[in-house]
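**Student:** The file below is final31.cif, mmCIF, C-alpha atoms:
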data_data
#
loop_
_atom_site.label_atom_id
_atom_site.label_comp_id
_atom_site.auth_asym_id
_atom_site.auth_seq_id
_atom_site.Cartn_x
_atom_site.Cartn_y
_atom_site.Cartn_z
CA MET A 1 -105.02 -76.81 12.81
CA GLU A 2 -108.03 -78.28 11.08
CA SER A 3 -111.25 -76.31 11.48
CA THR A 4 -114.57 -78.09 11.87
CA SER A 5 -117.26 -76.73 9.54
CA LEU A 6 -120.61 -75.84 11.07
CA LEU A 7 -123.76 -77.10 9.37
CA ASP A 8 -127.41 -76.28 9.95
CA CYS A 9 -130.24 -78.81 9.96
CA ALA A 10 -130.45 -78.58 6.15
CA GLY A 11 -126.74 -79.38 5.73
CA ARG A 12 -125.74 -75.84 4.78
CA ARG A 13 -122.62 -74.17 6.14
CA ARG A 14 -123.14 -71.79 9.07
CA SER A 15 -121.05 -68.79 9.94
CA PRO A 16 -119.22 -69.05 13.30
CA ALA A 17 -120.79 -65.68 14.15
CA THR A 18 -124.17 -67.43 14.53
CA THR A 19 -122.95 -69.41 17.56
CA SER A 20 -123.34 -68.08 21.11
CA SER A 21 -119.70 -68.78 21.97
CA PHE A 22 -118.44 -66.54 19.16
CA HIS A 23 -119.47 -63.39 21.06
CA GLU A 24 -118.28 -64.52 24.51
CA GLY A 25 -116.24 -61.85 26.25
CA LEU A 26 -117.03 -59.20 23.63
CA SER A 27 -118.86 -56.00 24.55
CA PRO A 28 -121.91 -55.11 22.45
CA ARG A 29 -121.17 -52.56 19.74
CA ASN A 30 -123.76 -50.17 21.18
CA LYS A 31 -122.57 -50.50 24.81
CA GLY A 32 -122.57 -47.12 26.53
CA LEU A 33 -124.52 -45.39 23.75
CA ARG A 34 -127.56 -43.38 24.78
CA TYR A 35 -130.27 -42.50 22.28
CA PRO A 36 -132.54 -39.56 23.19
CA PRO A 37 -136.30 -40.22 23.12
CA ASP A 38 -137.30 -39.47 19.54
CA PRO A 39 -140.50 -41.40 18.85
CA PRO A 40 -141.74 -41.56 15.26
CA THR A 41 -144.95 -39.79 14.31
CA VAL A 42 -148.18 -41.60 13.47
CA GLU A 43 -147.68 -40.74 9.79
CA GLU A 44 -144.18 -42.26 9.79
CA ILE A 45 -145.30 -45.46 11.51
CA VAL A 46 -148.20 -45.94 9.10
CA SER A 47 -145.93 -45.31 6.10
CA VAL A 48 -143.52 -48.00 7.34
CA MET A 49 -146.43 -50.43 7.77
CA ARG A 50 -147.46 -49.78 4.17
CA ALA A 51 -143.87 -50.27 2.96
CA ALA A 52 -143.62 -53.67 4.66
CA GLY A 53 -145.19 -55.42 1.67
CA ASP A 54 -148.04 -57.88 1.23
CA ASN A 55 -146.17 -61.20 1.39
CA ALA A 56 -146.22 -63.34 4.54
CA GLU A 57 -143.13 -61.66 6.00
CA GLY A 58 -144.63 -58.22 5.35
CA VAL A 59 -147.93 -59.13 7.01
CA ARG A 60 -146.01 -60.48 10.00
CA LEU A 61 -143.88 -57.31 10.24
CA ARG A 62 -146.97 -55.10 10.13
CA CYS A 63 -148.50 -57.00 13.04
CA ILE A 64 -145.26 -56.83 15.05
CA ILE A 65 -145.26 -53.05 14.52
CA VAL A 66 -148.88 -52.92 15.73
CA VAL A 67 -148.08 -54.87 18.92
CA LEU A 68 -144.97 -52.78 19.69
CA TRP A 69 -146.76 -49.51 18.97
CA ARG A 70 -150.28 -50.03 20.29
CA ALA A 71 -149.48 -52.32 23.25
CA GLY A 72 -146.07 -50.82 24.10
CA LEU A 73 -144.27 -54.15 24.38
CA ARG A 74 -140.52 -54.63 24.29
CA ILE A 75 -139.31 -56.55 21.23
CA SER A 76 -138.34 -59.52 23.42
CA GLU A 77 -141.83 -59.57 24.96
CA ALA A 78 -143.57 -59.39 21.58
CA LEU A 79 -141.51 -62.24 20.10
CA ALA A 80 -142.11 -64.37 23.22
CA LEU A 81 -145.91 -64.19 22.87
CA ASN A 82 -147.71 -67.48 22.28
CA GLU A 83 -150.93 -67.78 20.30
CA THR A 84 -152.75 -68.53 23.56
CA ASP A 85 -151.55 -65.29 25.17
CA LEU A 86 -154.07 -63.25 23.17
CA ASP A 87 -157.52 -62.46 24.54
CA PRO A 88 -159.40 -60.43 21.88
CA VAL A 89 -162.61 -60.42 23.94
CA ARG A 90 -161.00 -58.59 26.85
CA GLY A 91 -158.54 -56.79 24.56
CA SER A 92 -155.53 -58.05 26.51
CA LEU A 93 -152.14 -59.67 25.90
CA LEU A 94 -150.37 -61.78 28.52
CA VAL A 95 -146.65 -61.09 28.94
CA ARG A 96 -145.36 -64.19 30.71
CA HIS A 97 -141.73 -63.15 31.05
CA GLY A 98 -141.23 -59.39 31.06
CA LYS A 99 -138.13 -57.55 32.21
CA GLY A 100 -136.89 -59.11 35.45
CA ASP A 101 -139.00 -62.19 34.57
CA LYS A 102 -142.12 -60.33 35.72
CA ARG A 103 -145.53 -61.41 34.48
CA ARG A 104 -148.10 -58.78 33.51
CA GLU A 105 -151.21 -58.27 31.40
CA VAL A 106 -151.46 -55.32 29.00
CA GLY A 107 -154.27 -53.83 26.97
CA MET A 108 -154.51 -53.11 23.26
CA ASP A 109 -157.08 -51.02 21.40
CA ARG A 110 -159.71 -52.26 18.93
CA TRP A 111 -157.96 -50.72 15.91
CA ALA A 112 -154.85 -52.75 16.68
CA TRP A 113 -156.81 -55.99 17.12
CA SER A 114 -158.43 -55.53 13.72
CA HIS A 115 -154.96 -55.23 12.14
CA LEU A 116 -153.85 -58.52 13.70
CA ASP A 117 -156.46 -60.53 11.79
CA PRO A 118 -154.49 -60.97 8.51
CA TRP A 119 -151.52 -62.46 10.33
CA LEU A 120 -153.68 -64.65 12.58
CA GLU A 121 -155.25 -66.19 9.47
CA LEU A 122 -151.79 -67.00 8.06
CA ARG A 123 -150.61 -68.22 11.45
CA ARG A 124 -153.27 -70.96 11.56
CA GLU A 125 -151.53 -72.71 8.63
CA LEU A 126 -148.22 -72.90 10.54
CA PRO A 127 -147.15 -75.21 13.40
CA VAL A 128 -148.46 -74.33 16.86
CA GLY A 129 -146.10 -72.17 18.91
CA ARG A 130 -145.01 -68.58 19.19
CA LEU A 131 -147.31 -65.95 17.74
CA PHE A 132 -144.61 -64.47 15.50
CA CYS A 133 -142.69 -67.28 13.85
CA VAL A 134 -140.61 -68.10 10.78
CA VAL A 135 -142.89 -68.62 7.77
CA ARG A 136 -140.60 -70.42 5.29
CA GLY A 137 -137.78 -72.93 5.12
CA PRO A 138 -136.65 -75.72 7.44
CA THR A 139 -137.18 -73.56 10.54
CA ARG A 140 -140.81 -72.85 9.60
CA GLY A 141 -142.90 -72.36 12.74
CA ARG A 142 -139.95 -71.58 15.01
CA PRO A 143 -139.66 -68.26 16.90
CA CYS A 144 -138.37 -65.22 15.03
CA ALA A 145 -134.99 -63.75 15.94
CA SER A 146 -135.05 -60.14 17.08
CA ALA A 147 -132.05 -59.29 14.87
CA GLY A 148 -133.99 -60.33 11.76
CA ILE A 149 -137.03 -58.27 12.76
CA ARG A 150 -134.84 -55.21 13.43
CA ALA A 151 -133.27 -55.58 9.97
CA GLN A 152 -136.73 -55.79 8.35
CA LEU A 153 -137.84 -52.68 10.26
CA HIS A 154 -134.81 -50.71 9.11
CA HIS A 155 -135.36 -51.81 5.52
CA ALA A 156 -139.08 -50.92 5.57
CA ALA A 157 -138.29 -47.53 7.14
CA ALA A 158 -135.75 -46.81 4.39
CA MET A 159 -138.30 -47.83 1.74
CA ALA A 160 -140.86 -45.50 3.35
CA GLY A 161 -138.40 -42.59 3.35
CA VAL A 162 -138.32 -42.26 7.16
CA ARG A 163 -135.11 -40.40 7.98
CA ARG A 164 -135.08 -40.78 11.76
CA ARG A 165 -133.94 -43.83 13.72
CA PHE A 166 -136.69 -46.45 13.51
CA ALA A 167 -136.14 -49.21 16.07
CA PRO A 168 -138.56 -51.40 18.06
CA HIS A 169 -138.02 -49.40 21.26
CA GLN A 170 -138.92 -46.17 19.44
CA LEU A 171 -142.42 -47.61 18.91
CA ARG A 172 -142.66 -48.28 22.65
CA HIS A 173 -141.74 -44.63 23.28
CA ALA A 174 -144.41 -43.55 20.78
CA HIS A 175 -146.98 -45.62 22.71
CA ALA A 176 -146.13 -43.86 25.98
CA VAL A 177 -146.14 -40.35 24.48
CA GLU A 178 -149.46 -40.88 22.69
CA MET A 179 -151.14 -42.21 25.86
CA SER A 180 -149.88 -39.17 27.79
CA ARG A 181 -151.28 -36.82 25.12
CA GLU A 182 -154.64 -38.57 25.46
CA GLY A 183 -154.70 -37.68 29.16
CA ILE A 184 -154.09 -41.20 30.47
CA SER A 185 -152.69 -41.34 34.00
CA LEU A 186 -148.93 -41.74 34.43
CA LEU A 187 -149.56 -44.67 36.78
CA VAL A 188 -151.59 -46.46 34.10
CA ILE A 189 -148.80 -45.88 31.56
CA GLN A 190 -146.27 -47.24 34.07
CA ARG A 191 -148.29 -50.44 34.59
CA GLN A 192 -148.84 -50.85 30.84
CA LEU A 193 -145.11 -50.55 30.08
CA GLY A 194 -144.06 -52.75 33.01
CA HIS A 195 -141.77 -50.18 34.63
CA ALA A 196 -140.73 -50.79 38.24
CA ASP A 197 -139.99 -47.09 38.77
CA LEU A 198 -142.22 -44.17 37.81
CA ALA A 199 -139.10 -42.12 37.02
CA ILE A 200 -138.37 -44.43 34.06
CA THR A 201 -141.84 -43.77 32.66
CA SER A 202 -141.25 -40.03 33.05
CA ARG A 203 -138.08 -40.32 30.93
CA TYR A 204 -140.12 -41.90 28.14
CA LEU A 205 -142.29 -38.79 28.02
CA ARG A 206 -139.31 -36.58 27.20
CA GLY A 207 -140.11 -37.45 23.61
CA ILE A 208 -142.94 -34.89 23.63
CA ASP A 209 -142.14 -32.21 21.05
CA ASN A 210 -141.05 -28.75 22.30
CA THR A 211 -143.69 -27.18 20.04
CA GLU A 212 -146.40 -29.01 21.98
CA ILE A 213 -144.97 -27.79 25.31
CA ILE A 214 -144.77 -24.18 24.09
CA ALA A 215 -148.31 -24.30 22.72
CA ALA A 216 -149.68 -25.74 25.98
CA VAL A 217 -148.04 -23.03 28.09
CA HIS A 218 -148.98 -20.27 25.62
CA GLU A 219 -152.67 -21.20 25.86
CA ARG A 220 -152.80 -20.99 29.66
CA PRO A 221 -155.67 -18.80 30.93
CA ALA A 222 -155.02 -15.42 32.51
CA PRO A 223 -154.50 -15.45 36.32
CA MET A 224 -157.73 -15.08 38.28
CA VAL A 225 -157.94 -13.21 41.59
CA ALA A 226 -160.79 -12.43 43.93
CA ALA A 227 -162.56 -9.13 43.24
CA ASP A 228 -160.98 -6.35 45.31
CA PRO A 229 -161.75 -2.65 44.78
CA ARG A 230 -158.20 -1.72 45.76
CA ILE A 231 -156.75 -3.35 42.60
CA ALA A 232 -159.59 -2.46 40.24
CA PRO A 233 -158.39 -0.59 37.11
CA ARG A 234 -158.78 3.18 37.27
CA ARG A 235 -161.24 4.85 34.91
#
Write the structure described by the file as structure tokens, please.

**Tutor:**
Amino acid sequence: MESTSLLDCAGRRRSPATTSSFHEGLSPRNKGLRYPPDPPTVEEIVSVMRAAGDNAEGVRLRCIIVVLWRAGLRISEALALNETDLDPVRGSLLVRHGKGDKRREVGMDRWAWSHLDPWLELRRELPVGRLFCVVRGPTRGRPCASAGIRAQLHHAAAMAGVRRRFAPHQLRHAHAVEMSREGISLLVIQRQLGHADLAITSRYLRGIDNTEIIAAVHERPAPMVAADPRIAPRR
């Protein structure tokens, strides 16, 4: 049986694994696996951002990390952003197609917006389209693939010496935990993350360290009761 070779737009041979039909009927390798909430620390995230490099791909990766971490987006939502979905004046990002095809608007802090500027300057030299796009080659200007971004994240984390699992969803967990520590309402966190059920948001907050829980309980004030001479200490 003669096999037909697959070619890309540049005439190079493609692997059959890059076609959608190749994976039909196959279960994902991580099906059924459950990863406990283990968000990276601020120091680890910043070290990965520094390890990303200063070339165009590194600048793009840094900005993707910022959007995942400081806006709490899913990787699919971040890569689906268009240039016109950003509103720096209001500090908002428009998610047109969230989970369940739901549309929502999320906020992002001023520090994060300032770290988007280097990529936005590079982005102006590329074809109009998705915010995070391919920067070189025949597919220049086209949307990034999530698998490629995940691979870059893993590589940058290894270069930074981060030993824990460092995936896009871990940054979303870090966003939720940090907002909770800052005293932000659980309902606000739920709306920001786009969760339909508050119980899902509560599961995200299981990533709070046991040390923090112990310290919070240990520092509780002594119980206060109304003054009553019958329980006054004897002298």

**Student:** With the file shown as input, list the residues that the PyMOL selection byres ((chain A and resi 122-128) around 8) selects, as number ranges by chain.

**Tutor:** A: 56, 83, 118-121, 129-131, 135, 140-141

**Student:** Could you write out that same residue set with C-alpha atoms as an mmCIF file, keeping the file's coordinate frame?

**Tutor:**
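out.cif, freshly written:
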data_model
loop_
_atom_site.group_PDB
_atom_site.id
_atom_site.type_symbol
_atom_site.label_atom_id
_atom_site.label_comp_id
_atom_site.auth_asym_id
_atom_site.auth_seq_id
_atom_site.Cartn_x
_atom_site.Cartn_y
_atom_site.Cartn_z
ATOM 1 C CA ALA A 56 -146.220 -63.340 4.540
ATOM 2 C CA GLU A 83 -150.930 -67.780 20.300
ATOM 3 C CA PRO A 118 -154.490 -60.970 8.510
ATOM 4 C CA TRP A 119 -151.520 -62.460 10.330
ATOM 5 C CA LEU A 120 -153.680 -64.650 12.580
ATOM 6 C CA GLU A 121 -155.250 -66.190 9.470
ATOM 7 C CA GLY A 129 -146.100 -72.170 18.910
ATOM 8 C CA ARG A 130 -145.010 -68.580 19.190
ATOM 9 C CA LEU A 131 -147.310 -65.950 17.740
ATOM 10 C CA VAL A 135 -142.890 -68.620 7.770
ATOM 11 C CA ARG A 140 -140.810 -72.850 9.600
ATOM 12 C CA GLY A 141 -142.900 -72.360 12.740
#

**Student:** Looking at all atoms listed in the file, which of A:Val66, A:Val177, A:Ala147, A:Ala160 is the one that sits closest to Ala112 of chain A?

**Tutor:**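 Among A:Val66, A:Val177, A:Ala147, A:Ala160, it is A:Val66 that comes nearest to Ala112 of chain A.
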
**Student:** Can you measure atom CA of Asp38 of chain A to atom CA of Gly107 of chain A for me? One decimal in Å is fine.

**Tutor:**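 About the pair atom CA of Asp38 of chain A and atom CA of Gly107 of chain A: they are 23.4 Å apart.
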
**Student:** Report, in Å with one decimal, the straight-line distance from atom CA of Arg165 of chain A to atom CA of Pro40 of chain A.

**Tutor:**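 Separation of atom CA of Arg165 of chain A and atom CA of Pro40 of chain A: 8.3 Å.
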
**Student:** Work out how far apart atom CA of Leu94 of chain A and atom CA of Thr201 of chain A are and give it in Å to one decimal.

**Tutor:**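 Atom CA of Thr201 of chain A lies 20.4 Å from atom CA of Leu94 of chain A.
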
**Student:** When you look at Thr139 of chain A with a cut-off of 12 Å (counting all atoms listed in the file), what residues show up, excluding the ones that are within fewer than 2 positions of it in the same chain? I need them as a list in words.

**Tutor:** Asp8, Cys9, Ala10, Leu126, Pro127, Cys133, Val134, Val135, Arg136, Gly137, Gly141, Arg142, Pro143, Cys144 and Ala145 of chain A

**Student:** Please save C-alpha atoms of the selected residues as a compact mmCIF listing (two decimals), keeping the file's coordinate frame.

**Tutor:**
# COMPACT_ATOMS: atom_id res chain seq x y z
CA ASP A 8 -127.41 -76.28 9.95
CA CYS A 9 -130.24 -78.81 9.96
CA ALA A 10 -130.45 -78.58 6.15
CA LEU A 126 -148.22 -72.90 10.54
CA PRO A 127 -147.15 -75.21 13.40
CA CYS A 133 -142.69 -67.28 13.85
CA VAL A 134 -140.61 -68.10 10.78
CA VAL A 135 -142.89 -68.62 7.77
CA ARG A 136 -140.60 -70.42 5.29
CA GLY A 137 -137.78 -72.93 5.12
CA GLY A 141 -142.90 -72.36 12.74
CA ARG A 142 -139.95 -71.58 15.01
CA PRO A 143 -139.66 -68.26 16.90
CA CYS A 144 -138.37 -65.22 15.03
CA ALA A 145 -134.99 -63.75 15.94

**Student:** Between A:Val95, A:Ala158, A:Val46, A:Leu171, which is the closest to His115 of chain A once you count all atoms listed in the file?

**Tutor:**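 Under the stated criterion, the closest residue is A:Val46.
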
**Student:** Of the candidates A:Arg206, A:Val48, A:Arg104, A:Gly91, which shows the shortest atom-to-atom distance to His155 of chain A, using all atoms listed in the file?

**Tutor:** A:Val48

**Student:** So which residues fall inside 12 Å of (-140.1, -55.4, 27.1) if we count all atoms listed in the file? Mind giving them as a ChimeraX atom specification?

**Tutor:** /A:67-68,71-81,95-104,106,168-169,171-173,192-195

**Student:** Which residues match the PyMOL selection byres ((chain A and resi 159) around 10) in the file above, as a PyMOL selection string?

**Tutor:** chain A and resi 47-48+50-52+153-158+160-162

**Student:** Quick one: everything within 8 Å of Leu93 of chain A, counting all atoms listed in the file, minus sequence neighbours fewer than 3 positions away in the same chain. Send it as an MDAnalysis selection string.

**Tutor:** chainID A and resid 85:87 105:108

**Student:** Can you spit out the residues from that selection as a JSON list (two decimals), in the frame of the given file, using C-alpha atoms?

**Tutor:**
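After the write, result_32.json holds the following:
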[["chain", "number", "residue", "atom", "x", "y", "z"],
["A", 85, "ASP", "CA", -151.55, -65.29, 25.17],
["A", 86, "LEU", "CA", -154.07, -63.25, 23.17],
["A", 87, "ASP", "CA", -157.52, -62.46, 24.54],
["A", 105, "GLU", "CA", -151.21, -58.27, 31.40],
["A", 106, "VAL", "CA", -151.46, -55.32, 29.00],
["A", 107, "GLY", "CA", -154.27, -53.83, 26.97],
["A", 108, "MET", "CA", -154.51, -53.11, 23.26]]
